[in-house]
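S.K.: Here you go, start01.cif (mmCIF, C-alpha atoms and all ligand atoms):
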```
data_protein
#
loop_
_atom_site.label_atom_id
_atom_site.label_comp_id
_atom_site.auth_asym_id
_atom_site.auth_seq_id
_atom_site.Cartn_x
_atom_site.Cartn_y
_atom_site.Cartn_z
CA MET A 1 0.00 0.00 0.00
CA LYS A 2 1.26 3.48 -0.85
CA THR A 3 1.17 5.06 2.57
CA GLU A 4 2.45 8.52 1.53
CA VAL A 5 -1.12 9.43 0.55
CA TYR A 6 -2.01 9.09 4.22
CA ALA A 7 0.88 11.28 5.44
CA LYS A 8 -1.28 14.36 5.92
CA GLU A 9 -4.13 12.52 7.63
CA LEU A 10 -1.66 10.77 9.91
CA LYS A 11 0.11 13.97 10.87
CA GLU A 12 -3.19 15.65 11.65
CA LEU A 13 -4.28 12.72 13.79
CA LEU A 14 -0.97 12.84 15.66
CA MET A 15 -1.30 16.58 16.28
CA GLU A 16 -4.84 16.11 17.53
CA LEU A 17 -3.80 13.35 19.93
CA CYS A 18 -0.80 15.35 21.16
CA ARG A 19 -3.08 18.21 22.14
CA ILE A 20 -5.04 15.99 24.55
CA PRO A 21 -3.07 15.73 27.81
CA ALA A 22 -2.80 12.16 29.09
CA PRO A 23 -0.63 11.80 32.18
CA SER A 24 -0.56 8.25 33.55
CA LEU A 25 -3.77 7.49 35.50
CA HIS A 26 -5.51 10.43 33.80
CA GLU A 27 -5.89 9.18 30.25
CA GLU A 28 -9.71 9.49 30.21
CA GLU A 29 -9.96 12.25 27.63
CA ARG A 30 -7.51 10.69 25.21
CA ALA A 31 -9.19 7.30 25.68
CA ARG A 32 -12.58 8.84 24.82
CA PHE A 33 -11.10 10.37 21.67
CA CYS A 34 -9.68 6.98 20.65
CA VAL A 35 -12.99 5.18 21.26
CA GLU A 36 -14.78 7.75 19.06
CA TYR A 37 -12.14 7.34 16.35
CA PHE A 38 -12.39 3.54 16.37
CA ARG A 39 -16.20 3.78 16.25
CA ARG A 40 -16.10 6.07 13.23
CA ALA A 41 -13.78 3.51 11.62
CA GLY A 42 -16.51 0.88 12.06
CA PHE A 43 -15.45 -0.93 15.23
CA ASP A 44 -17.70 -1.65 18.26
CA ALA A 45 -15.15 0.15 20.37
CA PHE A 46 -15.44 0.75 24.09
CA CYS A 47 -13.49 1.92 27.10
CA ASP A 48 -12.81 -0.55 29.91
CA GLY A 49 -12.41 0.23 33.60
CA ALA A 50 -8.68 0.93 33.20
CA ASN A 51 -8.95 3.74 30.59
CA ASN A 52 -8.09 1.37 27.74
CA ALA A 53 -9.81 2.20 24.44
CA ILE A 54 -10.49 -1.19 22.86
CA ALA A 55 -11.48 -1.95 19.27
CA PRO A 56 -12.28 -5.65 18.86
CA TRP A 57 -12.17 -7.08 15.34
CA ASN A 58 -13.70 -10.49 14.70
CA VAL A 59 -13.51 -11.34 18.40
CA THR A 60 -16.09 -14.03 19.22
CA GLU A 61 -16.87 -15.55 22.60
CA THR A 62 -14.04 -18.04 22.42
CA ASN A 63 -11.62 -17.51 19.53
CA PRO A 64 -7.90 -16.85 20.08
CA ILE A 65 -6.89 -13.20 20.15
CA THR A 66 -3.89 -11.22 18.97
CA VAL A 67 -3.43 -7.87 20.72
CA PHE A 68 -1.96 -4.81 19.01
CA MET A 69 -1.47 -1.87 21.33
CA ALA A 70 0.15 1.51 21.76
CA HIS A 71 -0.05 3.47 24.98
CA THR A 72 -1.94 6.71 25.41
CA ASP A 73 -0.25 7.94 28.59
CA THR A 74 2.76 10.24 28.81
CA VAL A 75 5.29 10.71 31.63
CA PHE A 76 4.43 14.40 31.81
CA PRO A 77 2.03 15.38 34.60
CA ASP A 78 0.64 18.34 32.61
CA THR A 79 -3.11 18.51 32.44
CA SER A 80 -3.14 21.51 30.09
CA PRO A 81 -2.28 20.93 26.40
CA LEU A 82 1.43 20.36 25.78
CA PRO A 83 3.31 22.70 23.40
CA ILE A 84 3.63 21.31 19.90
CA LYS A 85 5.57 22.65 16.89
CA GLU A 86 6.86 21.43 13.55
CA GLU A 87 10.30 22.57 12.47
CA ASN A 88 12.96 21.27 10.06
CA GLY A 89 11.06 18.09 9.29
CA LYS A 90 10.46 17.22 12.93
CA ILE A 91 7.42 17.40 15.16
CA TYR A 92 8.33 18.47 18.69
CA CYS A 93 6.07 17.71 21.64
CA PRO A 94 6.61 15.96 24.98
CA GLY A 95 5.38 12.39 24.53
CA VAL A 96 5.22 12.64 20.73
CA GLY A 97 7.41 9.59 20.15
CA ASP A 98 6.71 7.78 23.43
CA ASP A 99 4.13 6.91 22.47
CA THR A 100 1.72 9.20 20.63
CA ALA A 101 3.14 8.74 17.12
CA ASN A 102 2.93 4.96 17.42
CA LEU A 103 -0.60 5.35 18.77
CA ALA A 104 -1.65 7.48 15.79
CA ILE A 105 -0.19 4.91 13.39
CA LEU A 106 -1.94 2.03 15.16
CA MET A 107 -5.28 3.87 14.96
CA LEU A 108 -4.95 4.73 11.28
CA ALA A 109 -3.72 1.21 10.48
CA ALA A 110 -6.79 -0.23 12.22
CA LYS A 111 -9.06 2.06 10.21
CA LEU A 112 -7.39 1.16 6.89
CA LEU A 113 -7.43 -2.58 7.59
CA LYS A 114 -11.12 -2.46 8.47
CA LYS A 115 -11.77 -0.57 5.24
CA GLU A 116 -10.00 -3.27 3.23
CA GLY A 117 -12.96 -5.50 4.05
CA ILE A 118 -10.87 -8.53 4.99
CA VAL A 119 -11.87 -10.76 7.88
CA PRO A 120 -9.00 -11.89 10.11
CA HIS A 121 -8.96 -15.66 10.66
CA GLU A 122 -8.93 -15.16 14.45
CA GLY A 123 -9.72 -12.33 16.86
CA ILE A 124 -7.83 -9.05 16.89
CA LEU A 125 -7.86 -6.39 19.59
CA PHE A 126 -6.60 -2.94 18.75
CA VAL A 127 -5.95 -1.23 22.07
CA ALA A 128 -5.06 2.37 22.87
CA ASN A 129 -3.92 1.44 26.33
CA ALA A 130 -3.39 3.38 29.51
CA GLY A 131 -0.86 3.20 32.31
CA GLU A 132 2.41 2.19 30.64
CA GLU A 133 4.67 4.80 32.20
CA GLY A 134 6.08 4.78 35.76
CA LEU A 135 3.08 5.61 37.90
CA GLY A 136 0.75 3.71 35.62
CA ASN A 137 2.54 0.50 36.64
CA LEU A 138 1.26 -1.29 33.49
CA ARG A 139 -2.33 -0.88 34.62
CA GLY A 140 -3.77 -1.01 31.09
CA SER A 141 -1.89 -4.16 30.11
CA ARG A 142 -2.71 -5.88 33.38
CA LYS A 143 -6.40 -5.23 32.73
CA ILE A 144 -6.23 -6.64 29.19
CA ALA A 145 -4.54 -9.80 30.51
CA GLU A 146 -7.14 -10.09 33.26
CA THR A 147 -10.07 -9.70 30.85
CA TYR A 148 -8.89 -11.88 27.95
CA GLY A 149 -6.49 -14.19 29.83
CA ASP A 150 -5.61 -17.48 28.19
CA ARG A 151 -7.33 -16.54 24.94
CA ILE A 152 -4.46 -14.22 24.05
CA LYS A 153 -2.23 -15.95 21.55
CA ALA A 154 0.18 -13.11 20.75
CA TRP A 155 0.68 -9.56 22.00
CA ILE A 156 2.39 -6.71 20.21
CA SER A 157 3.06 -3.26 21.60
CA PHE A 158 4.20 -0.44 19.31
CA ASP A 159 6.42 1.79 21.41
CA LEU A 160 9.46 4.08 21.00
CA ASP A 161 11.63 4.04 17.85
CA ARG A 162 12.24 1.46 15.15
CA LYS A 163 15.92 0.92 15.85
CA GLN A 164 15.20 -1.82 18.34
CA LEU A 165 12.97 -4.82 18.90
CA PHE A 166 12.34 -5.49 22.56
CA VAL A 167 12.27 -9.26 22.78
CA LYS A 168 12.69 -9.64 26.55
CA ALA A 169 11.07 -7.96 29.53
CA VAL A 170 13.10 -6.28 32.22
CA GLY A 171 11.18 -6.91 35.41
CA SER A 172 11.61 -4.70 38.43
CA ALA A 173 10.56 -4.25 42.03
CA ARG A 174 10.68 -0.98 43.92
CA TYR A 175 10.52 -0.36 47.65
CA ARG A 176 10.42 2.46 50.13
CA VAL A 177 12.42 1.32 53.16
CA CYS A 178 12.31 3.18 56.46
CA ILE A 179 14.19 2.65 59.73
CA GLU A 180 12.97 4.27 62.92
CA THR A 181 14.77 4.40 66.25
CA GLU A 182 14.31 6.17 69.56
CA GLY A 183 17.00 8.74 68.77
CA GLY A 184 18.16 11.33 71.26
CA HIS A 185 20.69 14.03 71.98
CA SER A 186 24.00 13.52 70.22
CA TYR A 187 25.98 14.14 73.42
CA GLY A 188 23.62 13.30 76.23
CA ASP A 189 22.25 10.11 74.66
CA PHE A 190 25.42 9.04 72.90
CA GLY A 191 25.42 5.33 72.26
CA LYS A 192 21.72 5.04 71.43
CA GLU A 193 20.83 3.59 68.06
CA SER A 194 20.91 5.95 65.10
CA ALA A 195 18.50 5.34 62.20
CA ILE A 196 21.09 6.81 59.84
CA ALA A 197 23.88 4.55 61.05
CA LEU A 198 21.60 1.51 60.75
CA MET A 199 20.45 2.53 57.29
CA ALA A 200 24.07 3.03 56.22
CA LYS A 201 24.84 -0.48 57.39
CA LEU A 202 21.78 -1.85 55.57
CA ILE A 203 22.81 -0.08 52.34
CA GLY A 204 26.30 -1.50 52.74
CA GLU A 205 24.79 -4.99 52.95
CA LEU A 206 22.66 -4.41 49.86
CA TYR A 207 25.73 -3.35 47.90
CA ALA A 208 27.68 -6.38 49.13
CA GLN A 209 25.06 -8.88 47.92
CA PRO A 210 26.02 -11.17 45.05
CA ILE A 211 24.36 -10.55 41.65
CA PRO A 212 22.58 -13.71 40.49
CA GLN A 213 24.15 -15.03 37.32
CA ALA A 214 22.50 -16.86 34.43
CA PRO A 215 23.48 -16.99 30.76
CA ASP A 216 22.27 -14.02 28.65
CA THR A 217 20.72 -12.17 31.54
CA LYS A 218 21.37 -8.89 33.28
CA THR A 219 20.44 -8.15 36.87
CA THR A 220 20.95 -4.82 38.64
CA PHE A 221 20.01 -3.01 41.83
CA ASN A 222 20.08 0.57 43.03
CA VAL A 223 19.50 2.68 46.10
CA GLY A 224 18.16 5.75 44.35
CA THR A 225 17.37 8.19 47.16
CA ILE A 226 18.19 8.58 50.82
CA SER A 227 16.80 10.94 53.42
CA GLY A 228 16.48 11.23 57.17
CA GLY A 229 17.75 12.74 60.38
CA THR A 230 16.75 15.87 62.26
CA SER A 231 19.82 18.02 62.99
CA VAL A 232 23.57 17.83 63.42
CA ASN A 233 23.27 17.28 67.16
CA THR A 234 20.43 14.74 67.12
CA ILE A 235 20.78 10.96 66.93
CA ALA A 236 18.66 10.29 63.90
CA GLN A 237 15.21 8.87 64.61
CA LYS A 238 14.39 8.14 61.03
CA ALA A 239 16.09 7.30 57.73
CA GLU A 240 14.48 6.32 54.45
CA ILE A 241 15.65 5.00 51.09
CA LEU A 242 14.12 4.07 47.75
CA TYR A 243 15.52 0.78 46.53
CA GLU A 244 14.93 -1.13 43.31
CA TYR A 245 16.22 -4.23 41.60
CA ARG A 246 15.77 -5.28 37.97
CA SER A 247 16.37 -8.28 35.80
CA ASP A 248 15.38 -9.68 32.43
CA ASP A 249 15.16 -13.10 34.08
CA GLY A 250 12.32 -14.14 36.39
CA THR A 251 14.44 -16.53 38.49
CA CYS A 252 17.06 -13.83 39.07
CA LEU A 253 14.26 -11.50 40.24
CA ASP A 254 13.17 -14.15 42.75
CA ILE A 255 16.74 -14.50 44.03
CA MET A 256 17.05 -10.72 44.42
CA LYS A 257 13.86 -10.73 46.47
CA GLU A 258 15.10 -13.51 48.75
CA GLN A 259 18.43 -11.76 49.30
CA MET A 260 16.69 -8.48 50.06
CA GLU A 261 14.35 -10.12 52.56
CA GLU A 262 17.26 -11.86 54.28
CA ILE A 263 19.03 -8.54 54.74
CA PHE A 264 15.90 -6.69 55.87
CA ALA A 265 15.06 -9.41 58.43
CA LYS A 266 18.17 -8.45 60.42
CA TYR A 267 16.90 -4.94 61.16
CA LYS A 268 14.41 -4.05 63.86
CA GLY A 269 12.14 -1.03 63.39
CA LEU A 270 12.16 -1.45 59.64
CA THR A 271 9.12 -0.79 57.48
CA VAL A 272 9.11 -1.83 53.85
CA GLU A 273 6.53 -0.61 51.38
CA SER A 274 6.29 -1.90 47.82
CA VAL A 275 6.00 1.08 45.46
CA GLY A 276 5.96 -0.75 42.13
CA PHE A 277 6.38 -4.13 40.57
CA ARG A 278 6.84 -5.11 36.93
CA PRO A 279 7.08 -8.84 36.30
CA GLY A 280 9.96 -10.29 34.27
CA MET A 281 10.15 -13.18 31.82
CA GLY A 282 8.01 -16.28 32.32
CA LYS A 283 8.34 -19.51 30.38
CA CYS A 284 7.14 -18.99 26.80
CA LYS A 285 4.13 -21.15 25.89
CA ASN A 286 4.81 -21.05 22.16
CA PRO A 287 8.49 -20.55 21.28
CA ALA A 288 7.82 -21.06 17.55
CA LEU A 289 5.33 -18.20 17.48
CA GLN A 290 7.69 -16.06 19.57
CA GLU A 291 10.41 -16.64 16.95
CA LYS A 292 7.98 -15.81 14.15
CA LEU A 293 7.00 -12.50 15.78
CA ILE A 294 10.66 -11.47 16.02
CA ARG A 295 11.39 -12.52 12.42
CA ASP A 296 8.28 -10.70 11.15
CA GLY A 297 9.17 -7.59 13.14
CA GLU A 298 12.69 -7.56 11.70
CA ALA A 299 11.42 -8.13 8.17
CA SER A 300 8.77 -5.40 8.33
CA VAL A 301 11.18 -2.80 9.71
CA ARG A 302 13.83 -3.79 7.16
CA LYS A 303 11.29 -3.51 4.35
CA GLY A 304 10.27 -0.03 5.50
CA THR A 305 13.69 1.41 6.35
CA GLY A 306 16.41 -0.82 4.89
CA ASN A 307 17.81 -1.35 8.38
CA THR A 308 17.56 -4.36 10.66
CA PRO A 309 16.59 -3.43 14.23
CA GLN A 310 18.70 -4.62 17.18
CA GLN A 311 17.23 -7.09 19.65
CA ASN A 312 17.13 -5.75 23.16
CA SER A 313 15.44 -5.93 26.60
CA ALA A 314 13.27 -3.24 28.16
CA SER A 315 10.48 -2.59 30.59
CA THR A 316 7.35 -2.12 28.45
CA ASP A 317 3.71 -3.11 28.27
CA CYS A 318 4.97 -6.49 27.02
CA ASN A 319 6.25 -7.31 30.52
CA ILE A 320 2.74 -8.55 31.21
CA PRO A 321 2.43 -11.04 28.31
CA PHE A 322 6.10 -12.06 28.64
CA SER A 323 5.56 -12.86 32.32
CA LEU A 324 2.54 -15.01 31.41
CA GLY A 325 4.43 -16.89 28.70
CA ILE A 326 2.44 -15.28 25.89
CA PRO A 327 4.55 -14.65 22.75
CA ALA A 328 5.09 -10.90 22.61
CA LEU A 329 7.06 -8.20 20.86
CA CYS A 330 7.53 -4.50 21.44
CA PHE A 331 8.93 -2.17 18.80
CA GLY A 332 8.52 1.33 17.53
CA LEU A 333 7.42 2.47 14.08
CA VAL A 334 8.98 5.92 13.84
CA THR A 335 12.28 7.79 14.04
CA MET A 336 12.38 9.76 17.27
CA GLU A 337 14.59 11.03 20.05
CA GLY A 338 14.35 12.56 23.51
CA ALA A 339 11.85 10.20 25.12
CA HIS A 340 10.81 11.40 28.60
CA THR A 341 12.21 14.91 27.94
CA ARG A 342 10.46 18.09 26.89
CA LYS A 343 12.64 18.22 23.76
CA GLU A 344 11.19 14.99 22.39
CA TRP A 345 10.69 14.84 18.62
CA VAL A 346 9.52 12.57 15.82
CA GLU A 347 10.74 12.85 12.24
CA THR A 348 7.68 13.83 10.21
CA SER A 349 8.64 11.72 7.18
CA SER A 350 8.99 8.62 9.37
CA LEU A 351 5.24 8.62 10.07
CA ALA A 352 4.20 7.34 6.61
CA THR A 353 6.93 4.68 6.52
CA GLY A 354 5.91 3.74 10.06
CA LEU A 355 2.38 3.19 8.81
CA SER A 356 3.63 0.88 6.07
CA ILE A 357 5.71 -1.07 8.61
CA ALA A 358 2.67 -1.46 10.87
CA LEU A 359 0.39 -2.57 8.02
CA ASP A 360 2.96 -5.03 6.70
CA PHE A 361 3.51 -6.50 10.17
CA ILE A 362 -0.17 -6.70 11.12
CA HIS A 363 -1.02 -8.34 7.78
CA LYS A 364 1.45 -11.10 8.65
CA GLN A 365 -0.36 -11.79 11.95
CA ILE A 366 -3.97 -11.89 10.70
ZN ZN M 401 6.41 4.20 25.89
#
```
Before we go any further, please render this structure as structure tokens.
M.R.:
Amino acid sequence: MKTEVYAKELKELLMELCRIPAPSLHEEERARFCVEYFRRAGFDAFCDGANNAIAPWNVTETNPITVFMAHTDTVFPDTSPLPIKEENGKIYCPGVGDDTANLAILMLAAKLLKKEGIVPHEGILFVANAGEEGLGNLRGSRKIAETYGDRIKAWISFDLDRKQLFVKAVGSARYRVCIETEGGHSYGDFGKESAIALMAKLIGELYAQPIPQAPDTKTTFNVGTISGGTSVNTIAQKAEILYEYRSDDGTCLDIMKEQMEEIFAKYKGLTVESVGFRPGMGKCKNPALQEKLIRDGEASVRKGTGNTPQQNSASTDCNIPFSLGIPALCFGLVTMEGAHTRKEWVETSSLATGLSIALDFIHKQI
């Protein structure tokens, strides 16, 4: 299909979407816009309880389903329209590449496929999903998995740029850890337990823990913030850290959890609060289909751009299907830079080629 003829329509759709603020957990307005768009394209679209705009295509009561999604939410908390401008062949707007351009392409692709009049041999869900970014904690994807469960055969998320295919999930767990002690005067009560000294010891233990090793995996941890204490002459009553660990391997995540719990168990007066969890890789239920998705993704991007994308790991909406063993793939359709910054841009000419990549890839799955 000659997608250049859709370049103008696609750009206009992107601009329209960009103008609707959609911080994580507040995607309602953008979701409503997407539902309306899908309905005008002929789908029985609806919004679920997690702000996902869902357009089912040939989904019966029982048939297997392939999910195609792009997320509506942005990392920016703004609730007023974000600034948008086009200059030197680039469209600048916070969130434009992560993930609004991919969302616009997914929506137009859905409309064009529906117009072709073909009937997919199984069920398809086009989803403009919510809650991908930090605070969203994969809320939209979790809801899709909960609703459609075992019926989901394959799951594709269009996200970020087309230089990479994300073929593995990086799982993570995040905690707020607080130590409280009695404290006291630094001179008069000298010798009493200090929350800061205890926390320093705990951090030392975290950094001395072994990193679980397995072939082709990467596991990391980090104490990202620290705070506490009252004054220079007070034995600290309270100290707090934010701690996370990550891995692209589920077993390594489990080991990190065990090690953390062993360390924490040694400290009295400790409170631990989970502030986020993204599951890692589970055991794939259909390795042949997983391989096919990767090959198809490579081929479609190569056909559109002449370049073969690199295989990589990341934390994306596909963490959910990957953790459940559902064959999944996450890749972007456009050329972009500056994700999660206010200088983010998408190359205007990459929109039409992105549409052809999406159509080529979706055709291979239906
Ligand atoms: Zn994204």
S.K.: Excluding Ala50 of chain A and any residue of its chain fewer than 4 positions from it, enumerate the residues within 7 Å of it, using only C-alpha atoms, and give them as a ChimeraX atom specification.
M.R.: /A:130,139-140,143
S.K.: Return as a list in words the residues of protein, DNA or RNA that approach ligand ZN 401 (chain M) to within 7 Å, with only C-alpha atoms and all ligand atoms taken into account.
M.R.: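 Every residue with an atom at most 7 Å from ligand ZN 401 (chain M) is listed here: His71, Asp98, Asp99, Glu132, Glu133, Asp159, Leu160 and Thr316 of chain A.
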S.K.: Taking (4.1, -12.6, 33.3) in the file's coordinates, which residues come within 9 Å, counting only C-alpha atoms, written as a PDB file with C-alpha atoms, keeping the file's coordinate frame?
M.R.:
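So result31.pdb came out as:
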```
ATOM      1  CA  GLY A 250      12.320 -14.140  36.390  1.00  0.00           C
ATOM      2  CA  ARG A 278       6.840  -5.110  36.930  1.00  0.00           C
ATOM      3  CA  PRO A 279       7.080  -8.840  36.300  1.00  0.00           C
ATOM      4  CA  GLY A 280       9.960 -10.290  34.270  1.00  0.00           C
ATOM      5  CA  MET A 281      10.150 -13.180  31.820  1.00  0.00           C
ATOM      6  CA  GLY A 282       8.010 -16.280  32.320  1.00  0.00           C
ATOM      7  CA  LYS A 283       8.340 -19.510  30.380  1.00  0.00           C
ATOM      8  CA  CYS A 318       4.970  -6.490  27.020  1.00  0.00           C
ATOM      9  CA  ASN A 319       6.250  -7.310  30.520  1.00  0.00           C
ATOM     10  CA  ILE A 320       2.740  -8.550  31.210  1.00  0.00           C
ATOM     11  CA  PRO A 321       2.430 -11.040  28.310  1.00  0.00           C
ATOM     12  CA  PHE A 322       6.100 -12.060  28.640  1.00  0.00           C
ATOM     13  CA  SER A 323       5.560 -12.860  32.320  1.00  0.00           C
ATOM     14  CA  LEU A 324       2.540 -15.010  31.410  1.00  0.00           C
ATOM     15  CA  GLY A 325       4.430 -16.890  28.700  1.00  0.00           C
ATOM     16  CA  ILE A 326       2.440 -15.280  25.890  1.00  0.00           C
TER      17      ILE A 326
END
```
S.K.: Would you list the residues near (11.7, -11.5, 13.8), meaning any protein, DNA or RNA residue with an atom at most 12 Å from that point in file coordinates, counting all atoms listed in the file, as a PyMOL selection string?
M.R.: chain A and resi 164-167+288-302+308-311+327-331+361+364
S.K.: Edge lengths and centre, in Å to one decimal, as AutoDock Vina command-line options: that's what I need for the box along x, y and z that holds all listed atoms of segment 196-202 of chain A plus 6 Å on each side.
M.R.:
```
--center_x 22.6 --center_y 2.5 --center_z 58.3 --size_x 16.4 --size_y 20.7 --size_z 17.5
```
S.K.: Determine the nearest neighbour of Ser227 of chain A from the options A:Cys178, A:Glu244, A:Gly304, A:Arg40, counting all atoms listed in the file.
M.R.: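 Ranking A:Cys178, A:Glu244, A:Gly304, A:Arg40 by distance to Ser227 of chain A, first place goes to A:Cys178.
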S.K.: Name the closest residue to Gly131 of chain A among the candidates A:Ala265, A:Leu333, A:Ala339, A:Ala22; distances are taken between atoms, counting all atoms listed in the file.
M.R.: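 Looking at the shortest contact to Gly131 of chain A, the residue is A:Ala22.
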S.K.: Go ahead and compute the interatomic distance for atom CA of Val177 of chain A and atom CA of Ala208 of chain A, in Å to one decimal.
M.R.: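 Result for atom CA of Val177 of chain A versus atom CA of Ala208 of chain A: 17.6 Å, one decimal.
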S.K.: Out of A:Ile179, A:Cys284, A:Leu103, A:Ile211, which residue has the shortest atom-to-atom distance to Ile241 of chain A when counting all atoms listed in the file?
M.R.: A:Ile179
S.K.: Using all atoms listed in the file, can you tell me which of A:Trp155, A:Phe76, A:Phe33, A:Phe46 comes closest to Gln365 of chain A?
M.R.: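 Looking at the shortest contact to Gln365 of chain A, the residue is A:Trp155.
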S.K.: By how many Å are atom CA of Gly188 of chain A and atom CA of Asn233 of chain A apart?
M.R.: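 Straight-line distance from atom CA of Gly188 of chain A to atom CA of Asn233 of chain A works out to 9.9 Å.
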S.K.: Compare A:Ser315, A:Thr100, A:Thr305, A:Asn52 by their minimum atom-to-atom distance to Ser356 of chain A, counting all atoms listed in the file, and give me the closest one.
M.R.: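 With all atoms listed in the file as the atom set, the closest residue is A:Thr305.
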S.K.: Enter the distance from atom CA of Ile156 of chain A to atom CA of Ala128 of chain A, in Å, rounded to one decimal.
M.R.: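 Between atom CA of Ile156 of chain A and atom CA of Ala128 of chain A the gap is 12.0 Å.
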S.K.: So that I can check the surroundings of Ile105 of chain A, please list as a ChimeraX atom specification every protein, DNA and RNA residue that reaches within 8 Å of it, counting all atoms listed in the file and ignoring chain neighbours fewer than 5 positions away.
M.R.: /A:10,351,354-355,358
S.K.: Counting all atoms listed in the file, which residue out of A:Gly332, A:Gly338, A:Gly171, A:Pro210 sits closest to Phe277 of chain A?
M.R.: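 Going through A:Gly332, A:Gly338, A:Gly171, A:Pro210 one by one, the smallest distance to Phe277 of chain A is for A:Gly171.
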S.K.: Set the distance at 12 Å and use only C-alpha atoms: which residues neighbour Ile118 of chain A once local chain neighbours fewer than 5 positions away are removed? I'd like the list as a list in words.
M.R.: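 Once the nearby chain positions are removed, what remains is Trp57, Asn58, Ala110, Lys111, Leu112, Leu113, His363 and Ile366 of chain A.
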S.K.: Find the residues around Val59 of chain A up to 10 Å (all atoms listed in the file counted), leave out those fewer than 3 positions away in its own chain, and share them as a PyMOL selection string.
M.R.: chain A and resi 55-56+62-66+120-125
